[in-house]
>>> print(open('start_9.cif').read())   # mmCIF, C-alpha atoms
data_data
loop_
_atom_site.label_atom_id
_atom_site.label_comp_id
_atom_site.auth_asym_id
_atom_site.auth_seq_id
_atom_site.Cartn_x
_atom_site.Cartn_y
_atom_site.Cartn_z
CA MET Y 1251 -43.28 -49.87 -43.26
CA ALA Y 1252 -42.72 -48.09 -39.93
CA ARG Y 1253 -39.00 -48.01 -40.64
CA ARG Y 1254 -39.61 -46.21 -43.94
CA LEU Y 1255 -41.88 -43.66 -42.24
CA ASN Y 1256 -39.25 -42.95 -39.58
CA MET Y 1257 -36.61 -42.46 -42.26
CA ALA Y 1258 -38.84 -40.04 -44.21
CA LEU Y 1259 -39.60 -38.06 -41.06
CA PHE Y 1260 -35.90 -37.86 -40.23
CA MET Y 1261 -35.04 -36.58 -43.72
CA ALA Y 1262 -37.78 -33.91 -43.51
CA LEU Y 1263 -36.50 -32.67 -40.15
CA MET Y 1264 -32.96 -32.47 -41.51
CA ALA Y 1265 -34.14 -30.43 -44.51
CA ILE Y 1266 -36.01 -27.97 -42.25
CA ALA Y 1267 -32.97 -27.56 -39.99
CA ALA Y 1268 -30.69 -26.96 -42.98
CA PHE Y 1269 -33.09 -24.33 -44.36
CA GLN Y 1270 -33.22 -22.53 -41.02
CA MET Y 1271 -29.43 -22.56 -40.69
CA GLN Y 1272 -29.05 -21.20 -44.22
CA SER Y 1273 -31.60 -18.44 -43.52
CA SER Y 1274 -29.80 -17.37 -40.34
CA GLU Y 1275 -26.44 -17.34 -42.12
CA ALA Y 1276 -27.86 -15.15 -44.93
CA GLN Y 1277 -28.90 -12.39 -42.50
CA THR Y 1278 -26.69 -9.29 -42.79
CA THR Y 1279 -26.24 -6.38 -40.37
CA HIS Y 1280 -25.66 -3.05 -42.13
CA ILE Y 1281 -23.89 -0.30 -40.10
CA VAL Y 1282 -25.65 2.80 -41.43
CA GLY Y 1283 -23.08 5.26 -42.81
CA GLY Y 1284 -20.16 2.96 -42.03
CA SER Y 1285 -17.56 4.73 -39.92
CA LEU Y 1286 -19.52 8.01 -40.18
CA GLY Y 1287 -22.42 6.58 -38.19
CA TRP Y 1288 -25.86 8.24 -37.97
CA THR Y 1289 -25.19 11.98 -37.77
CA VAL Y 1290 -25.48 15.22 -39.75
CA PRO Y 1291 -23.12 14.41 -42.64
CA PRO Y 1292 -20.60 17.13 -43.57
CA ALA Y 1293 -21.27 16.58 -47.30
CA GLY Y 1294 -25.07 16.64 -47.01
CA PRO Y 1295 -27.51 13.87 -48.11
CA ILE Y 1296 -25.12 12.54 -50.76
CA ALA Y 1297 -23.18 10.76 -47.99
CA TYR Y 1298 -26.05 8.34 -47.17
CA ILE Y 1299 -27.12 8.07 -50.83
CA THR Y 1300 -23.60 6.90 -51.71
CA TRP Y 1301 -23.47 4.50 -48.77
CA ALA Y 1302 -26.85 2.89 -49.60
CA ALA Y 1303 -25.76 2.39 -53.22
CA THR Y 1304 -22.97 0.07 -52.03
CA GLN Y 1305 -25.29 -2.21 -50.01
CA ASN Y 1306 -27.71 -5.04 -50.86
CA PHE Y 1307 -30.73 -5.05 -48.50
CA THR Y 1308 -32.84 -8.21 -48.11
CA VAL Y 1309 -35.79 -9.08 -45.90
CA GLY Y 1310 -34.39 -10.25 -42.56
CA ASP Y 1311 -31.36 -7.96 -42.65
CA VAL Y 1312 -30.71 -5.50 -39.80
CA LEU Y 1313 -29.98 -1.76 -39.98
CA ALA Y 1314 -27.70 -0.56 -37.15
CA PHE Y 1315 -27.91 3.21 -36.44
CA ASN Y 1316 -25.03 4.37 -34.21
CA TYR Y 1317 -25.56 7.76 -32.53
CA PRO Y 1318 -25.44 9.39 -29.07
CA THR Y 1319 -28.73 9.35 -27.16
CA ASN Y 1320 -30.53 12.73 -26.94
CA VAL Y 1321 -28.51 14.09 -29.86
CA HIS Y 1322 -30.21 12.23 -32.73
CA ASP Y 1323 -33.06 9.76 -33.25
CA VAL Y 1324 -34.32 7.41 -35.99
CA GLY Y 1325 -37.81 7.77 -37.44
CA GLU Y 1326 -39.24 5.63 -40.22
CA VAL Y 1327 -41.56 7.77 -42.35
CA THR Y 1328 -43.54 7.67 -45.57
CA GLN Y 1329 -42.21 8.78 -48.93
CA SER Y 1330 -43.95 12.18 -48.75
CA ALA Y 1331 -42.77 12.83 -45.17
CA PHE Y 1332 -39.25 11.84 -46.23
CA ASP Y 1333 -39.24 14.28 -49.16
CA GLY Y 1334 -40.57 17.12 -47.00
CA CYS Y 1335 -38.52 16.21 -43.87
CA ASN Y 1336 -41.77 15.98 -41.87
CA GLY Y 1337 -41.22 14.00 -38.66
CA THR Y 1338 -44.52 14.79 -36.90
CA ASN Y 1339 -46.20 11.41 -37.61
CA PRO Y 1340 -43.49 8.76 -38.07
CA ILE Y 1341 -44.31 5.11 -38.67
CA SER Y 1342 -41.87 4.29 -35.85
CA LEU Y 1343 -39.46 6.34 -33.74
CA SER Y 1344 -36.37 5.27 -31.75
CA THR Y 1345 -34.61 7.78 -29.48
CA ALA Y 1346 -31.98 5.66 -27.71
CA GLY Y 1347 -28.79 4.93 -29.58
CA PRO Y 1348 -27.64 2.63 -30.93
CA THR Y 1349 -30.83 1.50 -32.71
CA ASN Y 1350 -31.20 -1.82 -34.57
CA ILE Y 1351 -34.12 -2.18 -37.02
CA THR Y 1352 -34.93 -5.50 -38.69
CA LEU Y 1353 -36.18 -5.20 -42.27
CA SER Y 1354 -39.37 -7.30 -42.19
CA SER Y 1355 -40.88 -6.39 -45.57
CA ALA Y 1356 -39.70 -5.82 -49.13
CA GLY Y 1357 -39.97 -2.47 -50.89
CA THR Y 1358 -38.72 1.07 -50.23
CA HIS Y 1359 -38.05 2.20 -46.64
CA HIS Y 1360 -37.36 5.78 -45.52
CA PHE Y 1361 -35.60 6.95 -42.33
CA ILE Y 1362 -34.87 10.46 -41.02
CA CYS Y 1363 -33.65 12.22 -37.87
CA THR Y 1364 -36.52 14.27 -36.43
CA VAL Y 1365 -34.28 16.49 -34.25
CA GLY Y 1366 -34.30 20.16 -35.35
CA THR Y 1367 -33.15 20.69 -38.93
CA HIS Y 1368 -31.03 17.54 -39.09
CA CYS Y 1369 -33.14 16.02 -41.87
CA ASN Y 1370 -32.90 19.16 -44.01
CA LEU Y 1371 -29.12 19.09 -43.53
CA GLY Y 1372 -28.89 15.57 -44.99
CA GLN Y 1373 -29.50 13.14 -42.08
CA LYS Y 1374 -31.92 10.95 -44.04
CA LEU Y 1375 -31.74 7.49 -45.61
CA ALA Y 1376 -33.81 5.76 -48.32
CA ILE Y 1377 -33.23 2.09 -49.15
CA ASN Y 1378 -34.83 -0.59 -51.36
CA VAL Y 1379 -35.33 -3.99 -49.72
CA SER Y 1380 -35.65 -7.13 -51.86
CA ALA Y 1381 -37.48 -10.30 -50.86
CA ALA Y 1382 -35.47 -13.16 -49.45
CA ALA Y 1383 -34.41 -15.49 -52.26
CA SER Y 1384 -35.57 -19.08 -51.91
CA THR Y 1385 -32.79 -21.62 -52.03
CA PRO Y 1386 -33.45 -24.71 -54.20
CA PRO Y 1387 -32.83 -28.09 -52.55
CA PRO Y 1388 -29.42 -29.55 -53.29
CA ALA Y 1389 -29.28 -32.04 -56.14
CA ALA Y 1390 -28.72 -35.66 -55.24
CA ALA Y 1391 -25.21 -36.89 -55.80
CA PRO Y 1392 -24.85 -39.29 -58.76
CA THR Y 1393 -24.42 -42.96 -57.86
CA THR Y 1394 -22.54 -43.97 -61.04
CA PRO Y 1395 -19.21 -45.53 -60.05
CA PRO Y 1396 -16.17 -43.70 -61.31
CA PRO Y 1397 -14.50 -45.10 -64.45
CA ALA Y 1398 -11.56 -47.43 -64.02
CA PRO Y 1399 -8.26 -45.69 -64.40
CA ALA Y 1400 -6.59 -46.14 -67.77
CA PRO Y 1401 -3.40 -48.23 -67.78
CA THR Y 1402 -0.37 -46.11 -67.65
CA THR Y 1403 2.45 -46.51 -70.18
CA PRO Y 1404 5.94 -46.41 -68.69
CA PRO Y 1405 7.94 -43.45 -69.96
CA PRO Y 1406 10.64 -44.21 -72.56
CA ALA Y 1407 14.15 -44.62 -71.28
CA ALA Y 1408 16.17 -41.48 -71.50
CA ALA Y 1409 18.83 -41.41 -74.19
CA PRO Y 1410 22.39 -41.39 -72.88
CA THR Y 1411 23.81 -37.97 -72.88
CA THR Y 1412 27.27 -37.16 -74.17
CA PRO Y 1413 29.34 -35.21 -71.68
CA PRO Y 1414 30.30 -31.78 -72.99
CA PRO Y 1415 33.93 -31.31 -74.09
CA ALA Y 1416 36.25 -30.00 -71.47
CA ALA Y 1417 36.72 -26.30 -71.71
CA ALA Y 1418 40.13 -25.09 -72.80
CA PRO Y 1419 42.09 -23.57 -69.94
CA GLN Y 1420 41.99 -19.83 -69.97
CA PRO Y 1421 45.13 -17.80 -69.30
CA ALA Y 1422 45.17 -16.16 -65.93
CA ALA Y 1423 43.99 -12.60 -66.07
CA ALA Y 1424 46.48 -9.94 -65.24
CA PRO Y 1425 45.76 -8.19 -61.96
CA PRO Y 1426 44.05 -4.82 -62.47
CA PRO Y 1427 46.14 -1.75 -61.84
CA ALA Y 1428 45.72 -0.18 -58.45
CA SER Y 1429 43.13 2.60 -58.56
CA THR Y 1430 43.71 5.95 -57.01
CA PRO Y 1431 41.31 6.51 -54.07
CA THR Y 1432 38.86 9.35 -54.62
CA PRO Y 1433 37.50 11.51 -51.81
CA VAL Y 1434 33.87 10.77 -50.76
CA ALA Y 1435 31.43 13.56 -51.63
CA SER Y 1436 29.61 15.13 -48.70
CA PRO Y 1437 25.82 14.39 -48.55
CA ALA Y 1438 23.42 17.03 -49.83
CA PRO Y 1439 21.70 19.04 -47.10
CA THR Y 1440 18.15 17.94 -46.19
CA PRO Y 1441 15.58 20.60 -47.15
CA ALA Y 1442 13.31 22.05 -44.46
CA ARG Y 1443 9.91 20.31 -44.00
CA ALA Y 1444 7.17 21.86 -46.14
CA PRO Y 1445 3.89 22.92 -44.41
CA VAL Y 1446 1.21 20.21 -44.30
CA THR Y 1447 -2.59 20.66 -44.36
CA HIS Y 1448 -4.35 18.32 -41.88
CA VAL Y 1449 -8.06 17.70 -42.58
CA VAL Y 1450 -9.44 17.26 -39.06
CA GLY Y 1451 -11.19 13.91 -38.66
CA GLY Y 1452 -10.38 12.80 -42.20
CA ASN Y 1453 -13.48 12.09 -44.29
CA GLN Y 1454 -15.68 12.25 -41.15
CA GLY Y 1455 -15.01 15.97 -40.80
CA TRP Y 1456 -15.69 18.14 -37.74
CA ASN Y 1457 -18.76 16.58 -36.16
CA ILE Y 1458 -20.14 14.65 -33.19
CA LEU Y 1459 -18.78 11.18 -33.91
CA PRO Y 1460 -20.14 7.87 -32.54
CA GLY Y 1461 -16.80 7.21 -30.82
CA GLY Y 1462 -16.92 10.49 -28.88
CA ALA Y 1463 -13.69 12.26 -27.94
CA ALA Y 1464 -11.70 9.04 -28.54
CA ALA Y 1465 -12.31 9.39 -32.28
CA TYR Y 1466 -10.41 12.70 -32.50
CA ARG Y 1467 -7.69 11.46 -30.11
CA THR Y 1468 -7.12 8.49 -32.40
CA TRP Y 1469 -6.97 10.73 -35.47
CA ALA Y 1470 -4.53 13.19 -33.81
CA SER Y 1471 -2.22 10.35 -32.73
CA SER Y 1472 -1.70 9.44 -36.41
CA GLN Y 1473 -0.57 12.97 -37.36
CA THR Y 1474 2.64 15.01 -36.88
CA PHE Y 1475 1.97 18.72 -36.34
CA ALA Y 1476 4.68 21.38 -36.88
CA VAL Y 1477 4.77 25.16 -36.86
CA GLY Y 1478 3.50 26.38 -40.24
CA ASP Y 1479 1.06 23.47 -40.76
CA ILE Y 1480 -2.66 24.14 -41.35
CA LEU Y 1481 -5.70 22.59 -39.63
CA GLU Y 1482 -8.79 22.37 -41.87
CA PHE Y 1483 -12.16 21.91 -40.12
CA ASN Y 1484 -15.01 20.84 -42.48
CA PHE Y 1485 -18.58 21.18 -41.18
CA ILE Y 1486 -22.03 22.40 -42.20
CA ASN Y 1487 -22.52 26.09 -41.51
CA GLY Y 1488 -25.03 26.73 -38.75
CA THR Y 1489 -24.55 23.33 -37.08
CA HIS Y 1490 -20.99 23.63 -35.74
CA ASP Y 1491 -18.13 26.08 -35.24
CA VAL Y 1492 -14.44 25.96 -34.21
CA ALA Y 1493 -13.14 27.68 -31.07
CA GLU Y 1494 -9.61 27.59 -29.65
CA LEU Y 1495 -9.47 27.44 -25.83
CA ASN Y 1496 -6.89 27.29 -23.10
CA ARG Y 1497 -6.22 24.02 -21.26
CA SER Y 1498 -8.54 24.57 -18.28
CA ALA Y 1499 -11.47 25.70 -20.44
CA PHE Y 1500 -10.93 22.71 -22.74
CA ASP Y 1501 -10.97 20.20 -19.86
CA SER Y 1502 -14.22 21.65 -18.43
CA CYS Y 1503 -15.86 22.41 -21.83
CA ASN Y 1504 -16.20 26.07 -20.80
CA THR Y 1505 -16.76 28.00 -24.04
CA THR Y 1506 -17.71 31.39 -22.54
CA THR Y 1507 -14.22 32.80 -23.21
CA THR Y 1508 -12.36 31.65 -26.32
CA LEU Y 1509 -9.00 32.50 -27.86
CA SER Y 1510 -10.59 32.49 -31.33
CA ASN Y 1511 -13.90 31.40 -32.89
CA ILE Y 1512 -14.64 30.58 -36.56
CA THR Y 1513 -18.23 29.94 -37.70
CA ILE Y 1514 -17.77 29.55 -41.47
CA SER Y 1515 -16.66 26.26 -43.05
CA PRO Y 1516 -14.11 25.28 -44.08
CA ALA Y 1517 -12.20 26.80 -41.16
CA ARG Y 1518 -8.45 26.92 -41.85
CA ILE Y 1519 -6.15 27.64 -38.91
CA THR Y 1520 -2.38 28.06 -39.35
CA LEU Y 1521 -0.32 26.70 -36.43
CA SER Y 1522 2.00 29.62 -35.69
CA THR Y 1523 3.42 28.54 -32.30
CA ALA Y 1524 4.81 25.33 -30.85
CA GLY Y 1525 3.21 23.60 -27.87
CA GLU Y 1526 -0.29 22.36 -27.04
CA HIS Y 1527 -3.38 23.70 -28.81
CA PHE Y 1528 -7.02 22.96 -27.87
CA PHE Y 1529 -10.14 23.24 -30.05
CA THR Y 1530 -13.85 22.51 -29.55
CA CYS Y 1531 -17.35 23.33 -30.81
CA THR Y 1532 -19.27 25.93 -28.79
CA PHE Y 1533 -22.74 24.61 -29.71
CA PRO Y 1534 -24.64 23.28 -26.67
CA ARG Y 1535 -23.38 19.90 -25.40
CA HIS Y 1536 -21.22 19.30 -28.49
CA CYS Y 1537 -18.00 19.56 -26.46
CA THR Y 1538 -19.21 17.20 -23.73
CA LEU Y 1539 -20.29 14.70 -26.44
CA GLY Y 1540 -16.71 14.52 -27.71
CA GLN Y 1541 -16.39 17.24 -30.38
CA GLN Y 1542 -13.03 18.45 -29.11
CA LEU Y 1543 -9.44 18.19 -30.33
CA ALA Y 1544 -6.10 18.52 -28.49
CA ILE Y 1545 -2.82 18.49 -30.44
CA ASN Y 1546 0.90 19.03 -29.73
CA VAL Y 1547 2.80 21.21 -32.22
CA THR Y 1548 6.57 20.91 -32.65
CA SER Y 1549 8.91 23.65 -33.88
CA THR Y 1550 9.77 23.86 -37.56
CA ALA Y 1551 12.37 21.29 -38.61
CA THR Y 1552 15.70 22.81 -39.74
CA SER Y 1553 18.26 21.49 -42.18
CA PRO Y 1554 21.30 19.78 -40.60
CA PRO Y 1555 24.72 21.47 -41.14
CA ASN Y 1556 26.88 20.25 -44.00
CA SER Y 1557 29.32 17.58 -42.98
CA ALA Y 1558 33.02 18.36 -43.56
CA ALA Y 1559 34.56 16.83 -46.66
CA PRO Y 1560 36.95 13.99 -45.87
CA THR Y 1561 40.66 14.85 -46.10
CA PRO Y 1562 42.74 12.99 -48.67
CA SER Y 1563 44.80 10.03 -47.46
CA THR Y 1564 48.19 10.90 -45.91
CA THR Y 1565 49.78 7.51 -46.57
CA ALA Y 1566 53.37 8.06 -47.79
CA THR Y 1567 54.07 7.09 -51.39
CA PRO Y 1568 56.72 4.33 -51.54
CA PRO Y 1569 60.03 5.33 -53.25
CA PRO Y 1570 60.52 4.18 -56.84
CA PRO Y 1571 62.38 0.87 -57.24
CA SER Y 1572 66.05 0.91 -58.18
CA ALA Y 1573 67.05 0.55 -61.84
CA SER Y 1574 67.46 -3.02 -63.06
CA SER Y 1575 68.55 -4.79 -66.17
CA PRO Y 1576 66.07 -5.49 -68.99
CA ASP Y 1577 65.77 -9.11 -67.79
CA GLY Y 1578 64.84 -7.97 -64.33
CA VAL Y 1579 68.12 -9.33 -62.81
CA THR Y 1580 70.32 -6.90 -60.94
CA ALA Y 1581 73.71 -6.49 -62.64
CA PRO Y 1582 76.77 -7.48 -60.50
CA PRO Y 1583 79.15 -4.73 -59.47
CA PRO Y 1584 82.11 -4.09 -61.87
CA PRO Y 1585 85.46 -5.81 -61.06
CA SER Y 1586 87.85 -3.85 -58.86
CA GLY Y 1587 90.90 -4.54 -61.16
CA SER Y 1588 92.14 -6.55 -64.24
CA SER Y 1589 95.34 -8.21 -62.77
CA PRO Y 1590 93.74 -11.55 -61.76
CA ALA Y 1591 92.39 -11.98 -65.29
CA PHE Y 1592 95.89 -11.34 -66.81
CA SER Y 1593 97.66 -13.90 -64.60
CA VAL Y 1594 95.12 -16.59 -65.50
CA ALA Y 1595 95.62 -15.90 -69.24
CA ALA Y 1596 99.55 -16.21 -68.99
CA LEU Y 1597 99.49 -19.67 -67.30
CA PRO Y 1598 98.99 -21.73 -70.52
CA ILE Y 1599 101.93 -19.93 -72.20
CA THR Y 1600 104.29 -20.96 -69.36
CA PHE Y 1601 103.33 -24.66 -69.74
CA LEU Y 1602 103.90 -24.47 -73.50
CA SER Y 1603 107.41 -23.01 -73.01
CA VAL Y 1604 108.41 -25.90 -70.65
CA ALA Y 1605 107.16 -28.49 -73.14
CA LEU Y 1606 109.23 -27.02 -75.99
CA ALA Y 1607 112.35 -27.00 -73.82
CA PHE Y 1608 112.10 -30.81 -73.28
CA LEU Y 1609 111.64 -31.46 -76.99
CA TYR Y 1610 114.72 -29.56 -77.97
#
>>> encode(input="start_9.cif", output="structure tokens")
Amino acid sequence: MARRLNMALFMALMAIAAFQMQSSEAQTTHIVGGSLGWTVPPAGPIAYITWAATQNFTVGDVLAFNYPTNVHDVGEVTQSAFDGCNGTNPISLSTAGPTNITLSSAGTHHFICTVGTHCNLGQKLAINVSAAASTPPPAAAPTTPPPAPAPTTPPPAAAPTTPPPAAAPQPAAAPPPASTPTPVASPAPTPARAPVTHVVGGNQGWNILPGGAAAYRTWASSQTFAVGDILEFNFINGTHDVAELNRSAFDSCNTTTTLSNITISPARITLSTAGEHFFTCTFPRHCTLGQQLAINVTSTATSPPNSAAPTPSTTATPPPPSASSPDGVTAPPPPSGSSPAFSVAALPITFLSVALAFLY
């Protein structure tokens, strides 16, 4: 009896441990906004609406808000406060980034940034959390023994195959006539590189990114900038601008004197000179938080000169062969005279004359 009780207790403990392991494995961490992070989105609130539509939130999951401290915060608010962007009485408020929030209850949850007008500009998130699904216990494995394997029938013996008849010998093909070499055409000239429009930061736009200045350095390293290309800065009007600086002002984030300053998005700047160019945002602390871009512009690519056409071959043409007989055998030279042939023809007549003399 005690043995059965111990076995039952052991099985219960194993089931509890398996349930706990399965629950921990089911927990998911959601990076809010993906690579965009938690910031004022360039496209407005649609950015976080689209991101939330691609996620499945369950009780126990974790929301990870990535943002720089003292630039943004995360406040959970009611539905009415969310709709009116009212952050005066949040349910909870986190001011140090990054912030991780565990979803402890099912239903709708609302989050906003309470800094300035960030919520009105689209830095707000609404999600629907479902209850954790209960996992049914696994079904017991059947104890029925497997059926005996059916006897196998040996395959029939293969019928003997008749070897194919030998192919008739083919006459040797005549060698192809020698082709006349043709001159190689010179390659077509490469056209000059067309101007390219570079959207700064890609789909993240011109913003304060979670990765700081390294984010724009990484983006710039994947581009090739040439004279005539265009930089396009996308941002929300009133939250950022684009200023071009010299090297020393860029390094110290000194925006008191700028080479140019554009406050309306999208800002399109044509790269008219080769060399280094430096850009930043003049809003307070945005430069020091990493909203700055340094690029190196090369001169416009030119077409290479046409290569000279190759000269025809100067190999001497062999002289034509000497005339020959129709059979291909060279005729012997004509005889120098006819006297030897005449003396050979008179010899039988001499013998005949001697023979007649003896008879008579």
>>> atom_distance(input="start_9.cif", atom1="atom CA of Y:Ser1515", atom2="atom CA of Y:Thr1304")
28.4 Å
>>> atom_distance(input="start_9.cif", atom1="atom CA of Y:Gln1373", atom2="atom CA of Y:Pro1348")
15.4 Å
>>> closest_residue(input="start_9.cif", among="Y:Ile1486, Y:Val1446, Y:Ile1514, Y:Ala1382", to="Y:Asn1370", atoms="only C-alpha atoms")
Y:Ile1486
>>> closest_residue(input="start_9.cif", among="Y:Gly1347, Y:Gly1461, Y:Pro1292, Y:Gly1357", to="Y:Ile1377", atoms="all atoms listed in the file")
Y:Gly1357
>>> residues_around(input="start_9.cif", residues="stretch 1325-1329 of chain Y", least_positions_apart="5", cutoff="8 Å", atoms="only C-alpha atoms", output="ChimeraX atom specification")
/Y:1337,1339-1344,1359-1364
>>> atom_distance(input="start_9.cif", atom1="atom CA of Y:Trp1288", atom2="atom CA of Y:Ile1480")
28.3 Å
>>> resolve_selection(input="start_9.cif", expression="the PyMOL selection byres ((chain Y and resi 1490) around 12)", output="JSON, numbers by chain")
{"Y": [1290, 1291, 1292, 1455, 1456, 1457, 1458, 1483, 1484, 1485, 1486, 1487, 1488, 1489, 1491, 1492, 1493, 1511, 1512, 1513, 1514, 1515, 1516, 1517, 1530, 1531, 1532, 1533, 1534, 1535, 1536, 1537, 1541, 1542]}
>>> resolve_selection(input="start_9.cif", expression="the PyMOL selection byres ((chain Y and resi 1380) around 10)", output="PyMOL selection string")
chain Y and resi 1306-1310+1353+1355-1358+1377-1379+1381-1383
>>> resolve_selection(input="start_9.cif", expression="the PyMOL selection byres ((chain Y and resi 1464) around 12)", output="JSON list (two decimals) with C-alpha atoms, in the coordinates of the input")
[["chain", "number", "residue", "atom", "x", "y", "z"],
["Y", 1451, "GLY", "CA", -11.19, 13.91, -38.66],
["Y", 1458, "ILE", "CA", -20.14, 14.65, -33.19],
["Y", 1459, "LEU", "CA", -18.78, 11.18, -33.91],
["Y", 1460, "PRO", "CA", -20.14, 7.87, -32.54],
["Y", 1461, "GLY", "CA", -16.80, 7.21, -30.82],
["Y", 1462, "GLY", "CA", -16.92, 10.49, -28.88],
["Y", 1463, "ALA", "CA", -13.69, 12.26, -27.94],
["Y", 1465, "ALA", "CA", -12.31, 9.39, -32.28],
["Y", 1466, "TYR", "CA", -10.41, 12.70, -32.50],
["Y", 1467, "ARG", "CA", -7.69, 11.46, -30.11],
["Y", 1468, "THR", "CA", -7.12, 8.49, -32.40],
["Y", 1469, "TRP", "CA", -6.97, 10.73, -35.47],
["Y", 1470, "ALA", "CA", -4.53, 13.19, -33.81],
["Y", 1471, "SER", "CA", -2.22, 10.35, -32.73],
["Y", 1539, "LEU", "CA", -20.29, 14.70, -26.44],
["Y", 1540, "GLY", "CA", -16.71, 14.52, -27.71],
["Y", 1541, "GLN", "CA", -16.39, 17.24, -30.38],
["Y", 1542, "GLN", "CA", -13.03, 18.45, -29.11],
["Y", 1543, "LEU", "CA", -9.44, 18.19, -30.33],
["Y", 1544, "ALA", "CA", -6.10, 18.52, -28.49]]
>>> closest_residue(input="start_9.cif", among="Y:Phe1529, Y:Pro1318, Y:Leu1495, Y:Ala1376", to="Y:Ile1296", atoms="all atoms listed in the file")
Y:Ala1376
>>> closest_residue(input="start_9.cif", among="Y:Asn1316, Y:Pro1295, Y:Ile1351, Y:Leu1375", to="Y:Phe1332", atoms="only C-alpha atoms")
Y:Leu1375
>>> closest_residue(input="start_9.cif", among="Y:Asn1496, Y:Asn1453, Y:Gln1473, Y:Gln1277", to="Y:Ala1297", atoms="all atoms listed in the file")
Y:Asn1453
